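The data block below is coords-v2.txt; it holds compact mmCIF, C-alpha atoms.
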```
# COMPACT_ATOMS: atom_id res chain seq x y z
CA MET A 1 126.90 -75.65 -26.22
CA THR A 2 130.21 -75.26 -24.40
CA SER A 3 130.92 -77.67 -21.59
CA PRO A 4 130.47 -76.35 -18.06
CA LEU A 5 133.48 -75.35 -15.99
CA LEU A 6 132.36 -77.54 -13.16
CA ALA A 7 129.86 -80.37 -13.07
CA GLY A 8 128.75 -82.68 -10.29
CA ARG A 9 126.77 -85.68 -11.48
CA ALA A 10 124.57 -87.92 -9.32
CA LEU A 11 126.56 -87.07 -6.21
CA VAL A 12 125.98 -89.25 -3.16
CA TYR A 13 127.62 -88.70 0.22
CA SER A 14 126.86 -90.00 3.72
CA TYR A 15 128.23 -89.20 7.16
CA GLY A 16 128.16 -92.71 8.63
CA ASN A 17 124.58 -93.87 8.20
CA THR A 18 123.24 -90.37 7.67
CA PRO A 19 122.83 -89.50 4.00
CA ALA A 20 123.73 -85.90 3.17
CA LEU A 21 123.54 -86.05 -0.63
CA ARG A 22 121.25 -88.55 -2.33
CA GLY A 23 122.03 -88.04 -6.01
CA VAL A 24 122.54 -84.36 -6.81
CA SER A 25 123.60 -83.08 -10.23
CA VAL A 26 124.61 -79.48 -10.74
CA GLU A 27 126.63 -77.52 -13.30
CA VAL A 28 128.47 -74.22 -13.08
CA GLY A 29 129.37 -72.33 -16.24
CA ARG A 30 132.52 -70.25 -16.70
CA GLY A 31 132.03 -66.91 -15.00
CA GLU A 32 128.62 -67.94 -13.69
CA LEU A 33 127.40 -66.89 -10.25
CA LEU A 34 125.41 -69.75 -8.76
CA ALA A 35 123.65 -69.72 -5.42
CA VAL A 36 123.03 -73.01 -3.61
CA THR A 37 120.34 -72.56 -1.00
CA GLY A 38 118.36 -74.80 1.29
CA PRO A 39 117.47 -75.26 4.94
CA SER A 40 120.07 -76.20 7.57
CA GLY A 41 121.12 -79.81 7.17
CA SER A 42 119.85 -79.99 3.58
CA GLY A 43 123.25 -81.02 2.23
CA LYS A 44 124.27 -77.74 0.60
CA SER A 45 127.62 -77.46 2.41
CA THR A 46 128.39 -81.12 1.68
CA LEU A 47 127.68 -80.42 -1.99
CA MET A 48 130.19 -77.56 -1.88
CA LEU A 49 132.84 -79.75 -0.22
CA CYS A 50 132.38 -82.36 -2.98
CA LEU A 51 132.46 -79.81 -5.81
CA ALA A 52 135.55 -78.12 -4.35
CA GLY A 53 137.36 -81.46 -4.12
CA ILE A 54 137.69 -81.22 -0.35
CA ILE A 55 135.82 -84.49 0.17
CA VAL A 56 135.32 -87.34 -2.31
CA PRO A 57 131.71 -88.37 -2.97
CA ASP A 58 130.67 -91.96 -2.19
CA ALA A 59 129.20 -92.14 -5.68
CA GLY A 60 128.91 -89.84 -8.67
CA THR A 61 131.50 -87.69 -10.44
CA VAL A 62 132.88 -84.18 -10.17
CA THR A 63 134.39 -82.77 -13.36
CA PHE A 64 136.40 -79.53 -13.31
CA ALA A 65 137.54 -78.09 -16.66
CA GLY A 66 137.18 -81.52 -18.22
CA GLU A 67 139.11 -83.39 -15.52
CA GLN A 68 137.55 -85.81 -13.07
CA VAL A 69 138.30 -84.41 -9.63
CA ASN A 70 136.90 -87.34 -7.66
CA ALA A 71 139.37 -89.72 -9.37
CA ALA A 72 142.38 -87.48 -8.59
CA SER A 73 144.79 -88.17 -5.75
CA GLU A 74 144.69 -86.11 -2.58
CA ALA A 75 147.89 -84.34 -3.70
CA GLU A 76 146.37 -83.44 -7.07
CA ARG A 77 143.17 -82.20 -5.49
CA SER A 78 145.17 -80.16 -3.02
CA ARG A 79 147.13 -78.55 -5.85
CA LEU A 80 143.87 -77.77 -7.64
CA ARG A 81 142.51 -76.06 -4.54
CA ARG A 82 145.67 -74.01 -4.15
CA THR A 83 145.71 -72.79 -7.74
CA ARG A 84 142.42 -72.99 -9.59
CA ILE A 85 139.77 -73.05 -6.85
CA GLY A 86 139.23 -70.44 -4.16
CA VAL A 87 137.36 -71.24 -0.96
CA LEU A 88 135.85 -68.74 1.44
CA PHE A 89 134.21 -69.78 4.68
CA GLN A 90 131.80 -67.98 6.98
CA PHE A 91 134.39 -67.33 9.63
CA GLY A 92 137.12 -66.09 7.33
CA GLN A 93 139.85 -68.50 8.49
CA ILE A 94 141.91 -65.37 8.81
CA VAL A 95 145.11 -65.96 10.76
CA PRO A 96 145.03 -63.47 13.66
CA GLU A 97 148.82 -63.42 14.12
CA LEU A 98 149.45 -62.26 10.54
CA SER A 99 148.76 -58.80 9.11
CA CYS A 100 145.86 -58.45 6.67
CA ALA A 101 148.27 -58.30 3.71
CA GLU A 102 150.14 -61.39 4.92
CA ASN A 103 146.84 -63.24 5.15
CA VAL A 104 146.07 -62.39 1.53
CA MET A 105 149.62 -63.36 0.47
CA LEU A 106 149.36 -66.76 2.15
CA PRO A 107 147.99 -68.85 -0.75
CA LEU A 108 150.67 -67.38 -3.05
CA LEU A 109 153.49 -68.06 -0.58
CA LEU A 110 152.21 -71.64 -0.18
CA SER A 111 152.43 -72.09 -3.96
CA GLY A 112 156.04 -70.89 -3.96
CA VAL A 113 155.58 -67.27 -5.09
CA ARG A 114 158.28 -65.04 -3.58
CA ARG A 115 157.40 -62.51 -0.92
CA ARG A 116 157.73 -59.30 -2.89
CA PRO A 117 155.55 -60.26 -5.90
CA ALA A 118 153.13 -61.94 -3.50
CA ARG A 119 152.73 -58.68 -1.57
CA THR A 120 152.25 -56.70 -4.78
CA ALA A 121 149.53 -59.10 -5.94
CA ALA A 122 147.91 -59.11 -2.48
CA LEU A 123 147.76 -55.30 -2.35
CA ASN A 124 146.29 -55.22 -5.85
CA TRP A 125 143.45 -57.55 -4.80
CA MET A 126 142.97 -55.74 -1.51
CA GLU A 127 142.57 -52.53 -3.51
CA ARG A 128 139.73 -54.08 -5.48
CA PHE A 129 137.97 -54.99 -2.24
CA ASP A 130 138.57 -51.59 -0.68
CA VAL A 131 140.79 -52.89 2.13
CA ALA A 132 144.27 -51.97 0.84
CA GLU A 133 144.65 -49.33 3.56
CA LEU A 134 144.41 -52.10 6.17
CA ALA A 135 147.40 -54.00 4.74
CA ASP A 136 149.63 -53.70 7.79
CA GLN A 137 146.91 -53.92 10.42
CA HIS A 138 146.11 -57.17 12.18
CA PRO A 139 142.67 -58.79 11.74
CA GLY A 140 141.74 -57.98 15.34
CA GLU A 141 142.09 -54.28 14.60
CA VAL A 142 139.59 -54.16 11.72
CA SER A 143 135.79 -54.60 11.52
CA GLY A 144 134.04 -57.89 10.75
CA GLY A 145 133.06 -56.68 7.30
CA GLN A 146 136.62 -55.59 6.53
CA GLN A 147 137.99 -58.94 7.78
CA GLN A 148 135.63 -60.76 5.47
CA ARG A 149 136.68 -58.59 2.52
CA VAL A 150 140.30 -59.48 3.35
CA ALA A 151 139.21 -63.13 3.26
CA VAL A 152 137.54 -62.57 -0.14
CA ALA A 153 140.73 -60.96 -1.48
CA ARG A 154 142.64 -64.00 -0.22
CA ALA A 155 140.22 -66.37 -2.00
CA MET A 156 140.73 -64.41 -5.26
CA VAL A 157 144.50 -63.76 -5.08
CA THR A 158 145.47 -66.94 -6.93
CA GLU A 159 143.04 -65.89 -9.72
CA PRO A 160 141.05 -69.09 -9.45
CA GLU A 161 138.51 -70.12 -12.06
CA VAL A 162 135.88 -70.72 -9.40
CA VAL A 163 135.41 -69.44 -5.87
CA PHE A 164 133.26 -71.30 -3.35
CA ALA A 165 131.79 -69.12 -0.65
CA ASP A 166 130.04 -70.87 2.27
CA GLU A 167 127.76 -68.39 4.07
CA PRO A 168 130.24 -65.66 3.12
CA THR A 169 128.53 -62.92 5.09
CA GLY A 170 127.96 -64.96 8.25
CA ALA A 171 126.87 -62.71 11.05
CA LEU A 172 127.57 -59.41 9.31
CA ASP A 173 124.81 -56.80 9.35
CA GLN A 174 122.82 -55.98 6.24
CA LEU A 175 124.95 -53.19 4.81
CA ALA A 176 128.27 -54.91 5.58
CA SER A 177 126.94 -58.11 3.94
CA GLU A 178 125.78 -56.15 0.94
CA LYS A 179 129.20 -54.56 0.54
CA VAL A 180 130.98 -57.94 0.66
CA MET A 181 128.56 -59.42 -1.88
CA THR A 182 128.49 -56.37 -4.19
CA GLN A 183 132.29 -56.32 -4.39
CA LEU A 184 132.62 -60.09 -4.71
CA THR A 185 130.10 -60.27 -7.56
CA ARG A 186 131.48 -57.19 -9.34
CA VAL A 187 135.07 -58.44 -9.24
CA ALA A 188 133.98 -61.97 -10.22
CA ARG A 189 132.04 -60.63 -13.22
CA ASP A 190 134.97 -58.43 -14.28
CA SER A 191 137.45 -61.29 -14.05
CA GLU A 192 135.00 -63.95 -15.35
CA THR A 193 135.49 -66.01 -12.23
CA ALA A 194 132.69 -68.42 -11.43
CA VAL A 195 131.30 -68.12 -7.89
CA VAL A 196 129.29 -70.72 -6.01
CA VAL A 197 127.64 -69.14 -2.97
CA ILE A 198 126.22 -71.46 -0.32
CA THR A 199 123.66 -69.64 1.79
CA HIS A 200 120.39 -69.95 3.63
CA ASP A 201 119.75 -66.21 3.17
CA PRO A 202 117.59 -65.26 0.16
CA ARG A 203 119.12 -61.75 0.18
CA ILE A 204 122.60 -63.24 -0.40
CA ALA A 205 121.35 -65.79 -2.95
CA ALA A 206 119.83 -62.92 -4.94
CA PHE A 207 123.30 -61.67 -5.89
CA ALA A 208 123.73 -64.76 -8.09
CA ASP A 209 122.68 -65.28 -11.71
CA ARG A 210 120.89 -68.52 -10.86
CA GLU A 211 119.83 -70.47 -7.81
CA VAL A 212 119.49 -74.16 -7.02
CA VAL A 213 117.71 -75.35 -3.91
CA ILE A 214 118.82 -78.47 -2.01
CA ARG A 215 116.33 -80.18 0.27
CA ASP A 216 116.92 -83.46 2.13
CA GLY A 217 119.98 -84.20 0.01
CA LEU A 218 118.15 -83.77 -3.29
CA LEU A 219 117.81 -80.96 -5.79
CA ASP A 220 114.45 -79.26 -5.31
CA ASP A 221 113.30 -78.71 -8.85
CA ALA A 222 110.88 -75.89 -8.23
CA ASP A 223 110.54 -74.72 -11.79
CA PRO A 224 107.84 -72.09 -11.51
CA VAL A 225 106.31 -73.03 -14.84
CA ALA A 226 106.59 -76.78 -14.35
CA ALA A 227 103.35 -78.63 -14.56
CA SER A 228 102.33 -78.97 -10.96
CA GLN A 229 100.13 -81.30 -9.11
CA VAL A 230 97.55 -78.55 -9.13
CA ALA A 231 97.34 -78.58 -12.89
CA SER A 232 96.59 -82.29 -12.93
CA GLY A 233 94.76 -82.45 -9.61
CA THR A 234 91.04 -82.67 -9.43
CA ILE A 235 89.49 -80.20 -7.07
CA ARG A 236 86.49 -81.81 -5.49
CA MET B 1 98.86 -41.97 4.42
CA SER B 2 96.75 -40.25 1.82
CA VAL B 3 97.38 -38.95 -1.67
CA GLY B 4 96.64 -35.49 -0.23
CA HIS B 5 99.52 -35.66 2.26
CA VAL B 6 101.92 -36.82 -0.43
CA LEU B 7 100.88 -33.98 -2.75
CA MET B 8 101.24 -31.45 0.09
CA GLY B 9 104.73 -32.82 0.71
CA LEU B 10 105.62 -32.26 -2.94
CA LEU B 11 104.02 -28.79 -2.96
CA ALA B 12 106.07 -27.81 0.09
CA GLU B 13 109.12 -27.65 -2.17
CA ARG B 14 107.57 -25.15 -4.60
CA ASP B 15 104.30 -24.13 -6.22
CA GLN B 16 103.32 -26.51 -8.99
CA HIS B 17 100.55 -27.43 -11.38
CA GLY B 18 99.00 -30.90 -11.53
CA TYR B 19 101.10 -32.10 -14.44
CA GLU B 20 104.36 -31.15 -12.66
CA LEU B 21 103.12 -32.84 -9.48
CA LYS B 22 102.57 -36.07 -11.35
CA GLN B 23 106.06 -35.95 -12.90
CA LEU B 24 107.69 -35.18 -9.57
CA HIS B 25 105.68 -37.86 -7.75
CA ASP B 26 106.54 -40.59 -10.25
CA ALA B 27 110.24 -39.63 -10.28
CA THR B 28 110.53 -39.37 -6.50
CA PHE B 29 108.72 -42.65 -5.76
CA PRO B 30 109.75 -44.99 -8.56
CA ALA B 31 108.46 -48.07 -6.72
CA VAL B 32 104.99 -46.58 -6.20
CA ARG B 33 102.29 -46.99 -8.83
CA PRO B 34 102.37 -43.88 -11.07
CA MET B 35 99.73 -41.39 -9.96
CA ALA B 36 96.78 -40.89 -12.31
CA PHE B 37 95.85 -37.31 -13.27
CA GLY B 38 92.29 -37.93 -12.07
CA GLN B 39 93.62 -38.80 -8.62
CA ILE B 40 95.76 -35.67 -8.50
CA TYR B 41 93.01 -33.25 -9.56
CA ALA B 42 90.47 -34.85 -7.20
CA ALA B 43 92.93 -34.60 -4.30
CA LEU B 44 93.82 -30.97 -5.15
CA ALA B 45 90.10 -30.10 -5.16
CA ARG B 46 89.66 -31.72 -1.70
CA LEU B 47 92.75 -29.96 -0.34
CA THR B 48 91.49 -26.61 -1.70
CA THR B 49 88.12 -27.09 0.04
CA LYS B 50 89.92 -27.82 3.31
CA GLY B 51 92.09 -24.74 2.86
CA PHE B 52 95.33 -26.74 2.75
CA VAL B 53 96.23 -25.61 -0.77
CA GLU B 54 95.21 -22.61 -2.84
CA LEU B 55 95.14 -21.72 -6.49
CA VAL B 56 97.72 -19.02 -7.22
CA GLY B 57 97.30 -18.57 -10.95
CA THR B 58 97.54 -20.20 -14.30
CA GLU B 59 100.49 -20.94 -16.48
CA ARG B 60 100.42 -21.70 -20.17
CA VAL B 61 102.80 -24.52 -21.05
CA ASP B 62 102.78 -26.02 -24.55
CA GLY B 63 99.13 -25.27 -25.14
CA PRO B 64 96.71 -25.78 -22.29
CA ASP B 65 96.46 -23.45 -19.31
CA ARG B 66 97.67 -25.17 -16.16
CA ARG B 67 96.45 -24.18 -12.73
CA VAL B 68 99.26 -23.63 -10.26
CA TYR B 69 98.75 -24.60 -6.62
CA ARG B 70 100.48 -23.46 -3.44
CA LEU B 71 100.59 -25.02 0.05
CA THR B 72 98.85 -22.72 2.57
CA GLU B 73 99.95 -22.15 6.17
CA ALA B 74 97.18 -24.45 7.36
CA GLY B 75 98.39 -27.02 4.82
CA ARG B 76 101.94 -26.69 6.09
CA ALA B 77 100.75 -27.27 9.66
CA GLU B 78 98.78 -30.36 8.61
CA LEU B 79 101.80 -31.64 6.65
CA ASP B 80 104.10 -31.13 9.66
CA ARG B 81 101.65 -32.93 11.93
CA TRP B 82 101.43 -35.85 9.49
CA LEU B 83 105.23 -36.02 8.99
CA ALA B 84 105.80 -36.13 12.75
CA ASP B 85 103.25 -38.90 13.26
CA VAL B 86 104.14 -42.61 13.34
CA ASP B 87 101.79 -45.25 11.94
CA GLN B 88 100.45 -48.21 13.88
CA PRO B 89 100.96 -51.64 12.35
CA THR B 90 97.78 -52.90 10.77
CA ASP B 91 95.77 -55.66 12.46
CA TYR B 92 95.80 -57.85 9.37
CA ALA B 93 98.95 -58.49 7.35
CA ALA B 94 97.80 -59.15 3.80
CA ASN B 95 99.26 -62.46 2.64
CA PRO B 96 97.67 -63.73 -0.57
CA PHE B 97 100.17 -66.61 -0.63
CA ALA B 98 98.81 -67.93 2.65
CA VAL B 99 95.26 -67.79 1.31
CA LYS B 100 96.15 -69.88 -1.72
CA ALA B 101 98.36 -72.29 0.26
CA THR B 102 95.54 -72.83 2.77
CA LEU B 103 92.99 -73.54 0.06
CA LEU B 104 95.40 -75.94 -1.65
CA LEU B 105 96.01 -77.71 1.66
CA VAL B 106 92.30 -78.10 2.26
CA LEU B 107 91.33 -79.04 -1.29
CA LEU B 108 94.30 -81.03 -2.58
CA GLY B 109 96.45 -81.86 0.44
CA ARG B 110 99.89 -81.08 1.78
CA ASP B 111 101.95 -81.98 -1.29
CA ALA B 112 100.01 -79.56 -3.49
CA ALA B 113 100.34 -76.78 -0.89
CA SER B 114 104.05 -77.34 -0.39
CA ASP B 115 104.64 -77.63 -4.15
CA TYR B 116 102.85 -74.31 -4.70
CA LEU B 117 104.91 -72.60 -1.98
CA ARG B 118 108.16 -73.80 -3.52
CA ARG B 119 107.22 -72.72 -7.04
CA GLN B 120 106.01 -69.34 -5.77
CA ARG B 121 109.26 -68.98 -3.82
CA ALA B 122 111.28 -69.55 -7.01
CA VAL B 123 109.37 -66.73 -8.76
CA LEU B 124 110.04 -64.29 -5.91
CA ALA B 125 113.71 -65.31 -5.77
CA GLY B 126 113.98 -64.49 -9.48
CA ARG B 127 112.53 -61.03 -8.88
CA MET B 128 114.98 -60.52 -6.01
CA ARG B 129 117.90 -61.28 -8.31
CA VAL B 130 116.74 -58.63 -10.79
CA LEU B 131 116.32 -56.00 -8.05
CA THR B 132 119.64 -56.92 -6.39
CA ARG B 133 121.48 -56.51 -9.68
CA ARG B 134 119.84 -53.14 -10.29
CA ARG B 135 120.64 -52.00 -6.75
CA SER B 136 124.31 -53.02 -7.12
CA ASP B 137 124.70 -50.87 -10.24
CA PRO B 138 126.60 -47.70 -9.21
CA ALA B 139 124.55 -45.74 -11.79
CA THR B 140 121.27 -46.44 -9.98
CA ALA B 141 119.80 -43.34 -8.31
CA LEU B 142 119.44 -43.25 -4.53
CA VAL B 143 115.61 -43.17 -4.64
CA GLU B 144 115.68 -46.36 -6.70
CA VAL B 145 118.20 -47.99 -4.35
CA LEU B 146 115.96 -47.19 -1.37
CA ALA B 147 112.91 -48.51 -3.20
CA ALA B 148 114.83 -51.68 -4.15
CA ASP B 149 115.98 -52.12 -0.52
CA TYR B 150 112.37 -52.07 0.59
CA ALA B 151 111.15 -54.41 -2.15
CA ILE B 152 114.03 -56.81 -1.48
CA ALA B 153 113.35 -56.83 2.27
CA HIS B 154 109.69 -57.66 1.63
CA LEU B 155 110.49 -60.35 -0.92
CA ALA B 156 113.00 -61.85 1.53
CA ALA B 157 110.32 -61.86 4.25
CA ASP B 158 107.86 -63.58 1.89
CA ILE B 159 110.50 -66.14 0.89
CA GLU B 160 111.41 -66.87 4.50
CA TRP B 161 107.73 -67.30 5.34
CA MET B 162 107.27 -69.64 2.35
CA GLU B 163 110.25 -71.78 3.31
CA ALA B 164 109.02 -72.13 6.87
CA ALA B 165 105.44 -72.73 5.71
CA ALA B 166 106.51 -75.42 3.22
CA GLU B 167 108.46 -77.18 6.00
CA ARG B 168 105.60 -76.90 8.48
CA VAL B 169 103.05 -78.20 6.01
CA THR B 170 105.26 -81.20 5.27
CA ASP B 171 106.22 -81.82 8.90
CA LEU B 172 102.88 -81.30 10.60
CA VAL B 173 100.31 -82.61 8.18
CA PRO B 174 100.29 -86.40 7.83
CA PRO B 175 100.85 -87.73 4.32
CA PRO B 176 97.69 -88.69 2.48
CA ALA B 177 96.45 -92.21 3.21
CA ALA B 178 97.39 -94.66 0.49
CA THR B 179 94.71 -94.74 -2.15
CA PRO B 180 92.94 -98.11 -1.92
CA THR B 181 93.59 -100.23 -4.99
CA PRO B 182 90.44 -100.41 -7.03
CA GLN B 183 88.89 -103.83 -6.77
CA GLU B 184 89.07 -105.95 -9.86
CA PRO B 185 85.56 -106.49 -11.18
CA THR B 186 84.57 -110.01 -10.43
```
Give the structure from the file, written as structure tokens.
Amino acid sequence: MTSPLLAGRALVYSYGNTPALRGVSVEVGRGELLAVTGPSGSGKSTLMLCLAGIIVPDAGTVTFAGEQVNAASEAERSRLRRTRIGVLFQFGQIVPELSCAENVMLPLLLSGVRRRPARTAALNWMERFDVAELADQHPGEVSGGQQQRVAVARAMVTEPEVVFADEPTGALDQLASEKVMTQLTRVARDSETAVVVITHDPRIAAFADREVVIRDGLLDDADPVAASQVASGTIR
Amino acid sequence: MSVGHVLMGLLAERDQHGYELKQLHDATFPAVRPMAFGQIYAALARLTTKGFVELVGTERVDGPDRRVYRLTEAGRAELDRWLADVDQPTDYAANPFAVKATLLLVLLGRDAASDYLRRQRAVLAGRMRVLTRRRSDPATALVEVLAADYAIAHLAADIEWMEAAAERVTDLVPPPAATPTPQEPT
């Protein structure tokens, strides 16, 4: 069996005295679409922050393409996030002062790509998310769904190996959410990019190939065929 | 809604025999259980008695003679009335999951109920993934997309109910009292 692209093992993380992760292990294969679901406060966003190398777990390891991310320096993790990992948040983190195309170009410009090739690449990705015609408009002039598709294009523009999407459809309505997710999953499958979607919404989780549920900082192993208490219980 | 109204709706497009009606029904409503021939012929007989459809002749297709039916004016009026009508929500929302979860809670306690809800949730989530993938395929026909939308919305509602129910069962019902250690025989 090939090794996973990304693996978190026995991850533990606390905010002060409040435990958020209490020993979670999860793997993501190359090109796999994984949904992480769970109630509010279950630890799913903290898990994403650990896996994406944004925070360092108190205990446990994160391995990305064979390298231990948690042991890397802040500068190394930052470089990883700029080049091989894409992150997409609920509220797009779109810069309102920049045009849509400039927003998509941003990660490339930050990695030293020159303006002209950066714009070409940005327009190419915007095309794939059906927002190329908005290139020179500002985020305030486009709809919420379009803004979020600009944000998705920005997360993909560096051609990362994995994209993390935290509640990627936020407050969008059903059809706008569906469009964001349909395009994200189609492009990810075409380009064999792994996607980790963090969501509380079963409709969004259903776009993934597989789902893991986090509850109270632990993986909820609800294997439907697992021997349950019922099987062994004695009904009186 | 009755089988009769659905058949009248399909006959409103053109005159058809029972076999054609079945084919058209199953193709138009892919998420609905395929209609049995017995059901169709029984409904056509009832509609004929009521004067909503009439027999207009027979057609020989690949062997057997097939009786061709037409929607009458009275049938058209009944169909229009039915199409314009809205349905009241039912008094009882069928929820077999709640029945089982309740029995588990009563018979085996909160952990068994909550465990069942979580395993059942995982099964429904798996079905949702299949339907979502099918719906996202550009080759999927509109009738199938609409049917998948409906199935997905209902699965999502069941899943949301299960998540809330599992939390409530765990939060509201006290954990079982510690089982007393059996006394060593003296």
Practice prompt. Identify the residues around (134.2, -86.4, 1.3) within a radius of 9 Å, measuring from all atoms listed in the file in the coordinates stated by the file, and give them as JSON, numbers by chain.
Written response: {"A": [13, 14, 15, 46, 49, 50, 53, 54, 55, 56, 57, 58]}
Using only C-alpha atoms, find which residues of chain B lie within 8 Å of chain A and jot them down as a list in words. Leu107, Leu108, Ala112, Asp115, Tyr116, Arg118, Arg119, Gln120, Ala122, Val123, Ala125, Gly126, Met128, Arg129, Val130, Thr132, Arg133, Ser136, Ile152, Ala153, Ala156, Ile159 and Glu160 of chain B
With distances taken over all atoms listed in the file, the candidate from B:Arg60, B:Arg46, B:Arg127, B:Arg67 nearest B:Leu21 is B:Arg67
Would you kindly return, as a PyMOL selection string, each protein, DNA or RNA residue with an atom no farther than 12 Å from any atom of B:Gly18, considering only C-alpha atoms and excluding same-chain residues fewer than 3 positions away? chain B and resi 7-8+10-11+15+21-25+35-45+55+58-59+65-70
Please identify all polymer residues within 7 Å of stretch 122-128 of chain A, counting all atoms listed in the file, omitting same-chain residues fewer than 3 positions from it, and present them as a VMD selection string. chain A and resid 101 104 to 105 118 to 119 131 to 132 150 153 157
